Structures are given as structure tokens and as C-alpha cells.
Amino acid sequence: MSLTSTIQNETRIISVDADRIDAAMAIQFKDDMRSETADGPDRVVLDLTKVDFIDSSGLGAIVASMKQLGQNQKLELAGLTPNVQKVFRLTRMDTIFTLFATLNDAMDGQPV
Amino acid sequence: MTSLHTTIRFQPDALGVRQALDEGMSRCRGLVPVGREDRLGNVQIVLAEALNNVAEHGFAELPLTEARLDIALNRDTLTVSICDKGHEMPGLRVPAPKHHDLNGDVQDLPEGGFGWMLIHELTSRIDYARVDDENHLTLTFVLALD
């Protein structure tokens, strides 16, 4: 699993450098998210621009990543590609996370 | 249009089903007319869930035996069948979709149990049969290719 993490404007931006988040990598993803979010800003944006496919295990790993955050931390999602967005919509997880069309929108604070 | 058909054999574990999904989608893209590959998004979601189920539940405490993915396109109807010698489906039925309550505390949000809901939502038809000692799960998609 490869995640790239930067801090910008008091926001931790974590970019997923993979074309999918699936069952075979879900546990690794969750563990890597735990280390990336162990400290730092309360606002965390997960950039999914490069991810063109997610299965329900990958979705579960993103939900788990939110649940393991500190009390004041918040996880938001940016750059959902069409098939990723569809999985969020059908499971209604799009109502749980704040979603941004692009990482730029997330930094400008303009939700979908 | 003639019926087109292809078969993939795979090992029903986490990496085996990932390869079967990729190979299956690649063959599906080869079956549909050029320019219609965008109709296959639902197929990818459903196939991933169905294959994951085989890898995660089908062979619990059983030795892994090779499984098969059959893909057929007839006009605009795509049929994908997964055949495996894993455990039979509970009650010999297609599992019902689970509905989760997302309104409670964040810590109570579900991290799984979405697979069958996605499969039900995104297929035109689901058939299941236990034939001898083999599961046959057949997923049908009407792709509106015209």
C-alpha cells in the first residue's frame, strides 16, 4: 500500500498512490492510515483521485480509518472517481463523509 | 450477433480472485463493442464482491480447489458465472441484501456486510444452484449496448 502524506493549511492530505483499494490490501490500508493520522492536524483529507476501483472491503477500510481517528479529528474524502462514488452512494456512506470533487475543492472548502 | 464466451480458471484466495477480476474485466472489455466499455462499471463492482465472497467464505477450513469464471455475451446480455467447490450457500439460496442503520454513533458504523446489497442493486438477475458438489452463481447484466 502506498500513501503519501503532506500537511498544508492545517490539513493533513493523504493521497492514495494505487489504482484500487480492495480486499487484498484493506488491512494494510487501515494500518497505514493509523500511522499517518497518529498525530498532526485534526482535519484529514483522503485524496482518492488515483483510485479507480474500490470494493466493499476497501470501503470498510476507509470507514475503519475514520473510526480509529482521535476524538477531534475528522476524515473527509476528495476526488472520488465514478465507480468509487457509486459504491459510496449505494451503501449510503456518501451521507457519512464530507465529499469533495477534487483535492482543490477540499482545500477551498467547497463540498460536492 | 453470435454468442461470445470465455472461461478463466483461478485460485479462490485473495490474490487469486484479484487476478480473476482483472482478467475477467479485460475479457469483458474484449467482448463488448468498441466504445461501450463504460457500460462495464457495474460488472466490475459486482464481480469483485462475488469473487471476494468465494475467497473469504467459500473455502473456510476447506482445501482450496481451482474455481472457474465463465463469461458470455449474447446480444446485450452479459452473463457471468462463478463455479467453485466451496461451501454451499446457507439455505441453498442467494443471500438477501443487508440493510444497515447508519444513523447511530460513528463507532457503530458497519465496516462490512455490503457485498450482497451491491450485487443485488447492480445486477438484472441472480441465480444460484448447487450442482453436485459445486456452487454455480450466475449474475446477469443487461448492458444496453445499442
# chains A, B, ... in the order shown; residues from 1 in each chain; ligands from 1
$ closest_atom_pairs --of "chain A" --to "chain B" --cutoff "6 Å" --atoms "only C-alpha atoms" --output "CSV"
residue,atom,partner,partner_atom,distance
A:Ala24,CA,B:Ala14,CA,5.4
A:Gly60,CA,B:Glu111,CA,3.9
A:Lys67,CA,B:Gln107,CA,5.7
$ select_by_dssp --residues "range 48-145 of chain B" --states "alpha helix (DSSP H)" --output "MDAnalysis selection string"
chainID B and resid 48:53 115:122
$ write_last_selection --atoms "C-alpha atoms" --output "mmCIF file, in the first residue's frame"
data_model
loop_
_atom_site.group_PDB
_atom_site.id
_atom_site.type_symbol
_atom_site.label_atom_id
_atom_site.label_comp_id
_atom_site.auth_asym_id
_atom_site.auth_seq_id
_atom_site.Cartn_x
_atom_site.Cartn_y
_atom_site.Cartn_z
ATOM 1 C CA ALA B 48 -15.345 -8.152 -7.182
ATOM 2 C CA GLU B 49 -17.912 -8.718 -4.427
ATOM 3 C CA ALA B 50 -18.946 -12.154 -5.675
ATOM 4 C CA LEU B 51 -15.323 -13.286 -6.056
ATOM 5 C CA ASN B 52 -14.371 -11.883 -2.632
ATOM 6 C CA ASN B 53 -17.213 -13.878 -1.092
ATOM 7 C CA GLY B 115 -21.382 -7.163 -0.676
ATOM 8 C CA TRP B 116 -24.757 -8.763 -1.339
ATOM 9 C CA MET B 117 -26.520 -5.413 -1.320
ATOM 10 C CA LEU B 118 -24.196 -4.186 -4.077
ATOM 11 C CA ILE B 119 -24.676 -7.425 -6.022
ATOM 12 C CA HIS B 120 -28.490 -7.180 -5.765
ATOM 13 C CA GLU B 121 -28.532 -3.479 -6.685
ATOM 14 C CA LEU B 122 -26.322 -3.739 -9.752
#
$ closest_residue --among "A:Ala23, A:Ile7, A:Val112, A:Leu103" --to "Ala61 in chain A" --atoms "only C-alpha atoms"
A:Ala23
$ residues_around --residues "His57 in chain B" --least-positions-apart "3" --cutoff "10 Å" --atoms "only C-alpha atoms" --output "PyMOL selection string"
chain B and resi 52-54+60-61+86-89
$ atom_distance --atom1 "CA of Asp108 in chain A" --atom2 "CA of Leu90 in chain A"
27.1 Å
$ atom_distance --atom1 "CA of Val51 in chain A" --atom2 "CA of Val34 in chain B"
23.8 Å
$ decode --residues "range 101-125 of chain B" --atoms "N, CA and C atoms" --output "JSON list (two decimals), in the first residue's frame"
[["chain", "number", "residue", "atom", "x", "y", "z"],
["B", 101, "ASP", "N", -28.14, 0.40, 9.53],
["B", 101, "ASP", "CA", -28.54, 1.69, 10.09],
["B", 101, "ASP", "C", -27.27, 2.53, 10.25],
["B", 102, "LEU", "N", -27.21, 3.64, 9.51],
["B", 102, "LEU", "CA", -26.02, 4.49, 9.58],
["B", 102, "LEU", "C", -26.24, 5.68, 10.49],
["B", 103, "ASN", "N", -27.36, 5.70, 11.20],
["B", 103, "ASN", "CA", -27.72, 6.91, 11.95],
["B", 103, "ASN", "C", -27.16, 6.96, 13.37],
["B", 104, "GLY", "N", -26.59, 5.87, 13.82],
["B", 104, "GLY", "CA", -26.09, 5.84, 15.19],
["B", 104, "GLY", "C", -24.73, 6.49, 15.34],
["B", 105, "ASP", "N", -24.02, 6.11, 16.38],
["B", 105, "ASP", "CA", -22.70, 6.64, 16.67],
["B", 105, "ASP", "C", -21.71, 6.21, 15.58],
["B", 106, "VAL", "N", -20.72, 7.06, 15.32],
["B", 106, "VAL", "CA", -19.68, 6.75, 14.33],
["B", 106, "VAL", "C", -19.03, 5.40, 14.64],
["B", 107, "GLN", "N", -18.80, 5.14, 15.92],
["B", 107, "GLN", "CA", -18.13, 3.89, 16.29],
["B", 107, "GLN", "C", -18.97, 2.65, 15.96],
["B", 108, "ASP", "N", -20.26, 2.85, 15.71],
["B", 108, "ASP", "CA", -21.14, 1.71, 15.36],
["B", 108, "ASP", "C", -21.31, 1.54, 13.86],
["B", 109, "LEU", "N", -20.67, 2.39, 13.07],
["B", 109, "LEU", "CA", -20.83, 2.25, 11.61],
["B", 109, "LEU", "C", -20.31, 0.90, 11.14],
["B", 110, "PRO", "N", -21.01, 0.28, 10.19],
["B", 110, "PRO", "CA", -20.56, -1.03, 9.69],
["B", 110, "PRO", "C", -19.30, -0.90, 8.83],
["B", 111, "GLU", "N", -18.41, -1.89, 8.94],
["B", 111, "GLU", "CA", -17.20, -1.92, 8.11],
["B", 111, "GLU", "C", -17.27, -3.03, 7.09],
["B", 112, "GLY", "N", -18.40, -3.71, 7.02],
["B", 112, "GLY", "CA", -18.56, -4.79, 6.05],
["B", 112, "GLY", "C", -20.03, -5.14, 5.93],
["B", 113, "GLY", "N", -20.29, -6.23, 5.21],
["B", 113, "GLY", "CA", -21.67, -6.65, 5.04],
["B", 113, "GLY", "C", -22.40, -5.90, 3.94],
["B", 114, "PHE", "N", -21.64, -5.28, 3.01],
["B", 114, "PHE", "CA", -22.25, -4.53, 1.92],
["B", 114, "PHE", "C", -22.33, -5.34, 0.63],
["B", 115, "GLY", "N", -21.59, -6.46, 0.58],
["B", 115, "GLY", "CA", -21.38, -7.16, -0.68],
["B", 115, "GLY", "C", -22.66, -7.57, -1.38],
["B", 116, "TRP", "N", -23.55, -8.26, -0.66],
["B", 116, "TRP", "CA", -24.76, -8.76, -1.34],
["B", 116, "TRP", "C", -25.70, -7.64, -1.73],
["B", 117, "MET", "N", -25.69, -6.56, -0.95],
["B", 117, "MET", "CA", -26.52, -5.41, -1.32],
["B", 117, "MET", "C", -26.04, -4.86, -2.66],
["B", 118, "LEU", "N", -24.73, -4.70, -2.81],
["B", 118, "LEU", "CA", -24.20, -4.19, -4.08],
["B", 118, "LEU", "C", -24.52, -5.14, -5.23],
["B", 119, "ILE", "N", -24.39, -6.44, -4.97],
["B", 119, "ILE", "CA", -24.68, -7.43, -6.02],
["B", 119, "ILE", "C", -26.15, -7.33, -6.43],
["B", 120, "HIS", "N", -27.06, -7.27, -5.45],
["B", 120, "HIS", "CA", -28.49, -7.18, -5.76],
["B", 120, "HIS", "C", -28.80, -5.90, -6.53],
["B", 121, "GLU", "N", -28.21, -4.78, -6.08],
["B", 121, "GLU", "CA", -28.53, -3.48, -6.68],
["B", 121, "GLU", "C", -28.09, -3.39, -8.14],
["B", 122, "LEU", "N", -26.98, -4.03, -8.47],
["B", 122, "LEU", "CA", -26.32, -3.74, -9.75],
["B", 122, "LEU", "C", -26.45, -4.86, -10.78],
["B", 123, "THR", "N", -27.23, -5.90, -10.46],
["B", 123, "THR", "CA", -27.45, -6.96, -11.45],
["B", 123, "THR", "C", -28.90, -6.93, -11.91],
["B", 124, "SER", "N", -29.16, -7.48, -13.08],
["B", 124, "SER", "CA", -30.54, -7.62, -13.55],
["B", 124, "SER", "C", -31.14, -8.89, -12.96],
["B", 125, "ARG", "N", -30.29, -9.87, -12.68],
["B", 125, "ARG", "CA", -30.78, -11.15, -12.21],
["B", 125, "ARG", "C", -29.65, -11.92, -11.53]]
